[in-house]
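**Student:** Would you mind keeping the following structure in view while I ask a few things?
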Amino acid sequence: MLLRICGRQLRLSHQTIHVRALSSKPSVSHLGVTIEQPTPFISTSTNPYFNLAFEDWIFRNTPAEIPLLVIYRNTPSIIIGRNQNPWKEVNQAALRSTGVPFVRRRSGGGTVYHDLGNINYSIMIPRTMFERRPNAELVARAIQTLNIPAEVNERNDIVVEGFKISYKIVNKRAYHHGTMLVDAQLHQLGDLLRNTKNTLVTKGVESVRSPVRNLRHWNSEVTTDKFSIAVVNEFRQVYGGTEQARNIDESLMDHIPGIKSIFEELQTWQWSHGQTPEFTHALQTSFSWGDLSAHISSKHGVITSIMLTSSSPDSVAAQACQALSEDLQGQRYGILDGPISISADSEEDAIKDEILAWLQEEM
């Protein structure tokens, strides 16, 4: 593969990609990619940040008239849509206990669980050619070659005997991608995506839950590699092209700064949490000193207002609630790592500590 950046060729393998340089300092906005015919790409990296960065970069820097297929696997991770709320979609306590990260992708859609037992595919085609069902049927036919009776239902989900085996996420820019469950840890999926924050109301997009099952349930010999080969073959049948699947890995970031830029951005708090749409969260609990209610409003992951109300309006607890409400405004939701004022009353400070510990646990 030859990459031409600012007039310089970089040899990555025997195929050729022509990269048009529009600036002496290439970036996401300054690079364009021309690929001569429909081409499959298979990532040998299992880093979710790299794979999502490559997927987004090649989508935005490739002419829409040439269909592309991108296939990759990720280590255990939760992937949420651009306009979703991580506190609503994900069990934050389970994330902390397992060490599994969540990643906000740059495209829309719902929340999905990734591990090495499932495989992710993206079909990028001209906007004028784009329809949801044909692309889902392409993948369903690939699965049928593995002796599994897959079909596409009325919601354009790929199912077998009524069980969903693939998530779908569709972007209006001719971008269809999904996650195929081959031999995924479904118990982990259930634990990490089980959320009980019923009083958290978000303006973001909420996921639709469905019963799921692995392909291995119907054919114990199916592997992620066999699924990849089947999808690549069906992609060629539909869109043509003779290119062999091109393997890519994280070394690509050394040659294309735009990919590295997205890779780094996806790992920042400003992207992962700061992109969260407005939401409110109402909470209630009881302490030894009385009952407490909290009403929190947040935008871009920051608390815009919080009202802490004690059941004893004239007590030390009420004073603590008033002071803490003022201190927490403007702090990052879920972290609460800003300064907290210290009072002259040790009892008031002890109550503040109790409330803070409770809020951090509930968030």
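Here, A, B, ... name the chains of the structure tokens in the order displayed, residue numbers run from 1 inside each chain, and ligands are numbered from 1 in the same displayed order.
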Extract, using only C-alpha atoms, all DNA, RNA and protein residues at most 8 Å from A:Met363, discarding same-chain residues fewer than 3 positions from it, and format them as an MDAnalysis selection string.
**Tutor:** chainID A and resid 87 92 333:334 359:360
**Student:** Could you take the residues named above and write them with N, CA and C atoms, as a compact mmCIF listing (two decimals), in the first residue's frame?
**Tutor:**
```
# COMPACT_ATOMS: atom_id res chain seq x y z
N TRP A 87 -24.41 8.03 31.35
CA TRP A 87 -24.96 7.71 32.67
C TRP A 87 -26.31 7.02 32.55
N GLN A 92 -22.52 2.39 35.28
CA GLN A 92 -21.23 2.98 35.63
C GLN A 92 -20.52 2.19 36.73
N TYR A 333 -20.37 16.43 36.37
CA TYR A 333 -21.32 15.43 36.87
C TYR A 333 -20.62 14.09 37.01
N GLY A 334 -20.88 13.40 38.11
CA GLY A 334 -20.33 12.07 38.32
C GLY A 334 -18.95 12.06 38.94
N LEU A 359 -23.95 10.95 46.51
CA LEU A 359 -24.10 11.46 45.14
C LEU A 359 -23.15 10.77 44.18
N GLN A 360 -21.89 10.63 44.58
CA GLN A 360 -20.91 9.99 43.70
C GLN A 360 -21.29 8.54 43.42
```
**Student:** Near stretch 198-206 of chain A, counting only C-alpha atoms, which residues have an atom at most 6 Å away, once you skip same-chain residues fewer than 5 positions from it, shown as a PyMOL selection string?
**Tutor:** chain A and resi 83-84+277-282
**Student:** Identify, on the basis of only C-alpha atoms, every residue whose closest approach to A:Ala142 does not exceed 6 Å; exclude the query and any residue fewer than 4 positions from it along the same chain; express the result as a PDB file with N, CA, C and O atoms, in the first residue's frame.
**Tutor:**
```pdb
ATOM      1  N   ALA A 230     -16.859 -14.349   4.846  1.00  0.00           N
ATOM      2  CA  ALA A 230     -18.184 -14.424   4.216  1.00  0.00           C
ATOM      3  C   ALA A 230     -18.700 -13.034   3.856  1.00  0.00           C
ATOM      4  O   ALA A 230     -19.268 -12.829   2.773  1.00  0.00           O
ATOM      5  N   VAL A 231     -18.496 -12.059   4.738  1.00  0.00           N
ATOM      6  CA  VAL A 231     -18.968 -10.705   4.458  1.00  0.00           C
ATOM      7  C   VAL A 231     -18.158 -10.067   3.335  1.00  0.00           C
ATOM      8  O   VAL A 231     -18.710  -9.385   2.460  1.00  0.00           O
ATOM      9  N   GLU A 234     -19.437 -11.506   0.056  1.00  0.00           N
ATOM     10  CA  GLU A 234     -20.750 -10.975  -0.316  1.00  0.00           C
ATOM     11  C   GLU A 234     -20.650  -9.508  -0.721  1.00  0.00           C
ATOM     12  O   GLU A 234     -21.340  -9.053  -1.636  1.00  0.00           O
TER      13      GLU A 234
END
```
**Student:** Enumerate, as number ranges by chain, the complete set of residues in stretch 74-304 of chain A that a backbone-based DSSP assignment places in alpha helix (DSSP H).
**Tutor:** A: 86-89, 92-98, 132-144, 186-193, 224-239, 257-265, 269-272
**Student:** Which is closer to A:Tyr239 than all the others in A:Ile42, A:Ala53, A:Ile71, A:Ile123, using only C-alpha atoms?
**Tutor:**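 Nearest candidate to A:Tyr239 out of A:Ile42, A:Ala53, A:Ile71, A:Ile123: A:Ile123.
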**Student:** Per residue of stretch 316-351 of chain A within 8 Å of stretch 301-304 of chain A, what are the shortest atom pair and its distance in Å to one decimal, counting only C-alpha atoms, with rows by chain and residue number, as JSON lines?
**Tutor:**
```
{"residue": "A:Leu328", "atom": "CA", "partner": "A:Ile303", "partner_atom": "CA", "distance": 7.1}
{"residue": "A:Gln329", "atom": "CA", "partner": "A:Ile303", "partner_atom": "CA", "distance": 5.4}
{"residue": "A:Gly330", "atom": "CA", "partner": "A:Ile303", "partner_atom": "CA", "distance": 5.1}
{"residue": "A:Gln331", "atom": "CA", "partner": "A:Ile303", "partner_atom": "CA", "distance": 5.6}
{"residue": "A:Arg332", "atom": "CA", "partner": "A:Val302", "partner_atom": "CA", "distance": 4.4}
{"residue": "A:Tyr333", "atom": "CA", "partner": "A:Val302", "partner_atom": "CA", "distance": 5.3}
```
**Student:** For A:His300, work out the shell of residues within 6 Å, counting only C-alpha atoms and skipping chain neighbours fewer than 6 positions away, then give it as a list of chain:residue names.
**Tutor:**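 Returned residues: A:Gly274, A:Gln275, A:Thr276, A:Pro277.
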**Student:** Go ahead and write the residues just picked, all heavy atoms, as a PDB file, in the first residue's frame.
**Tutor:**
```pdb
ATOM      1  N   GLY A 274     -18.227  15.293  27.860  1.00  0.00           N
ATOM      2  CA  GLY A 274     -18.613  16.668  27.561  1.00  0.00           C
ATOM      3  C   GLY A 274     -19.564  16.810  26.392  1.00  0.00           C
ATOM      4  O   GLY A 274     -20.157  17.873  26.206  1.00  0.00           O
ATOM      5  N   GLN A 275     -19.721  15.759  25.584  1.00  0.00           N
ATOM      6  CA  GLN A 275     -20.657  15.793  24.465  1.00  0.00           C
ATOM      7  C   GLN A 275     -22.072  15.379  24.867  1.00  0.00           C
ATOM      8  O   GLN A 275     -22.971  15.337  24.023  1.00  0.00           O
ATOM      9  CB  GLN A 275     -20.164  14.865  23.351  1.00  0.00           C
ATOM     10  CG  GLN A 275     -18.996  15.409  22.548  1.00  0.00           C
ATOM     11  CD  GLN A 275     -19.393  16.599  21.690  1.00  0.00           C
ATOM     12  OE1 GLN A 275     -20.415  16.592  21.033  1.00  0.00           O
ATOM     13  NE2 GLN A 275     -18.572  17.640  21.703  1.00  0.00           N
ATOM     14  N   THR A 276     -22.264  15.063  26.128  1.00  0.00           N
ATOM     15  CA  THR A 276     -23.564  14.574  26.584  1.00  0.00           C
ATOM     16  C   THR A 276     -24.637  15.659  26.474  1.00  0.00           C
ATOM     17  O   THR A 276     -24.440  16.771  26.973  1.00  0.00           O
ATOM     18  CB  THR A 276     -23.471  14.099  28.039  1.00  0.00           C
ATOM     19  OG1 THR A 276     -22.448  13.103  28.147  1.00  0.00           O
ATOM     20  CG2 THR A 276     -24.799  13.509  28.505  1.00  0.00           C
ATOM     21  N   PRO A 277     -25.780  15.355  25.859  1.00  0.00           N
ATOM     22  CA  PRO A 277     -26.874  16.331  25.795  1.00  0.00           C
ATOM     23  C   PRO A 277     -27.426  16.644  27.189  1.00  0.00           C
ATOM     24  O   PRO A 277     -27.127  15.965  28.169  1.00  0.00           O
ATOM     25  CB  PRO A 277     -27.935  15.616  24.941  1.00  0.00           C
ATOM     26  CG  PRO A 277     -27.181  14.561  24.188  1.00  0.00           C
ATOM     27  CD  PRO A 277     -26.076  14.135  25.100  1.00  0.00           C
TER      28      PRO A 277
END
```
**Student:** Excluding stretch 97-107 of chain A and residues on its chain fewer than 3 positions from it, collect all residues at most 8 Å away from it, counting only C-alpha atoms, and give them as number ranges by chain.
**Tutor:** A: 48-49, 52, 56, 76-82, 93-94, 171, 266-267, 271-272
**Student:** Once you have the residues from the selection above, write them out as a PDB file, in the first residue's frame, restricted to N, CA and C atoms.
**Tutor:**
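Okay, this is what ended up in out34.pdb:
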```
ATOM      1  N   PRO A  48     -10.154  -0.191  20.623  1.00  0.00           N
ATOM      2  CA  PRO A  48     -11.384   0.466  20.169  1.00  0.00           C
ATOM      3  C   PRO A  48     -11.185   1.917  19.752  1.00  0.00           C
ATOM      4  N   TYR A  49     -10.255   2.615  20.393  1.00  0.00           N
ATOM      5  CA  TYR A  49     -10.025   4.011  20.030  1.00  0.00           C
ATOM      6  C   TYR A  49      -9.435   4.112  18.624  1.00  0.00           C
ATOM      7  N   LEU A  52     -12.220   2.933  15.870  1.00  0.00           N
ATOM      8  CA  LEU A  52     -13.249   3.942  15.643  1.00  0.00           C
ATOM      9  C   LEU A  52     -12.675   5.177  14.960  1.00  0.00           C
ATOM     10  N   ASP A  56     -13.917   6.409  11.225  1.00  0.00           N
ATOM     11  CA  ASP A  56     -14.430   7.759  11.008  1.00  0.00           C
ATOM     12  C   ASP A  56     -13.582   8.520   9.994  1.00  0.00           C
ATOM     13  N   PRO A  76     -12.779  -5.805  25.170  1.00  0.00           N
ATOM     14  CA  PRO A  76     -14.035  -5.437  25.834  1.00  0.00           C
ATOM     15  C   PRO A  76     -14.188  -3.932  26.023  1.00  0.00           C
ATOM     16  N   SER A  77     -15.313  -3.418  25.559  1.00  0.00           N
ATOM     17  CA  SER A  77     -15.588  -1.979  25.615  1.00  0.00           C
ATOM     18  C   SER A  77     -17.067  -1.750  25.345  1.00  0.00           C
ATOM     19  N   ILE A  78     -17.555  -0.622  25.820  1.00  0.00           N
ATOM     20  CA  ILE A  78     -18.910  -0.185  25.523  1.00  0.00           C
ATOM     21  C   ILE A  78     -18.799   1.000  24.577  1.00  0.00           C
ATOM     22  N   ILE A  79     -19.519   0.946  23.467  1.00  0.00           N
ATOM     23  CA  ILE A  79     -19.479   2.005  22.476  1.00  0.00           C
ATOM     24  C   ILE A  79     -20.841   2.687  22.462  1.00  0.00           C
ATOM     25  N   ILE A  80     -20.853   3.986  22.737  1.00  0.00           N
ATOM     26  CA  ILE A  80     -22.116   4.716  22.739  1.00  0.00           C
ATOM     27  C   ILE A  80     -22.163   5.658  21.544  1.00  0.00           C
ATOM     28  N   GLY A  81     -23.388   6.052  21.165  1.00  0.00           N
ATOM     29  CA  GLY A  81     -23.564   6.954  20.039  1.00  0.00           C
ATOM     30  C   GLY A  81     -23.204   8.384  20.382  1.00  0.00           C
ATOM     31  N   ARG A  82     -22.973   9.169  19.363  1.00  0.00           N
ATOM     32  CA  ARG A  82     -22.552  10.561  19.527  1.00  0.00           C
ATOM     33  C   ARG A  82     -23.496  11.354  20.422  1.00  0.00           C
ATOM     34  N   ALA A  93     -21.272   1.641  37.677  1.00  0.00           N
ATOM     35  CA  ALA A  93     -20.648   0.851  38.746  1.00  0.00           C
ATOM     36  C   ALA A  93     -19.999  -0.400  38.176  1.00  0.00           C
ATOM     37  N   ALA A  94     -20.672  -1.052  37.219  1.00  0.00           N
ATOM     38  CA  ALA A  94     -20.104  -2.250  36.588  1.00  0.00           C
ATOM     39  C   ALA A  94     -18.867  -1.892  35.767  1.00  0.00           C
ATOM     40  N   ASN A 171     -26.072   6.022   9.751  1.00  0.00           N
ATOM     41  CA  ASN A 171     -25.832   7.442   9.653  1.00  0.00           C
ATOM     42  C   ASN A 171     -26.355   7.921   8.308  1.00  0.00           C
ATOM     43  N   LEU A 266     -10.957  10.974  21.078  1.00  0.00           N
ATOM     44  CA  LEU A 266     -11.924  10.029  21.629  1.00  0.00           C
ATOM     45  C   LEU A 266     -11.634   9.683  23.084  1.00  0.00           C
ATOM     46  N   GLN A 267     -10.397   9.891  23.531  1.00  0.00           N
ATOM     47  CA  GLN A 267     -10.008   9.519  24.887  1.00  0.00           C
ATOM     48  C   GLN A 267     -10.121  10.671  25.886  1.00  0.00           C
ATOM     49  N   TRP A 271     -14.672  14.922  25.134  1.00  0.00           N
ATOM     50  CA  TRP A 271     -15.446  14.195  24.124  1.00  0.00           C
ATOM     51  C   TRP A 271     -16.332  13.125  24.771  1.00  0.00           C
ATOM     52  N   SER A 272     -15.763  12.286  25.612  1.00  0.00           N
ATOM     53  CA  SER A 272     -16.516  11.148  26.139  1.00  0.00           C
ATOM     54  C   SER A 272     -17.693  11.584  27.007  1.00  0.00           C
TER      55      SER A 272
END
```
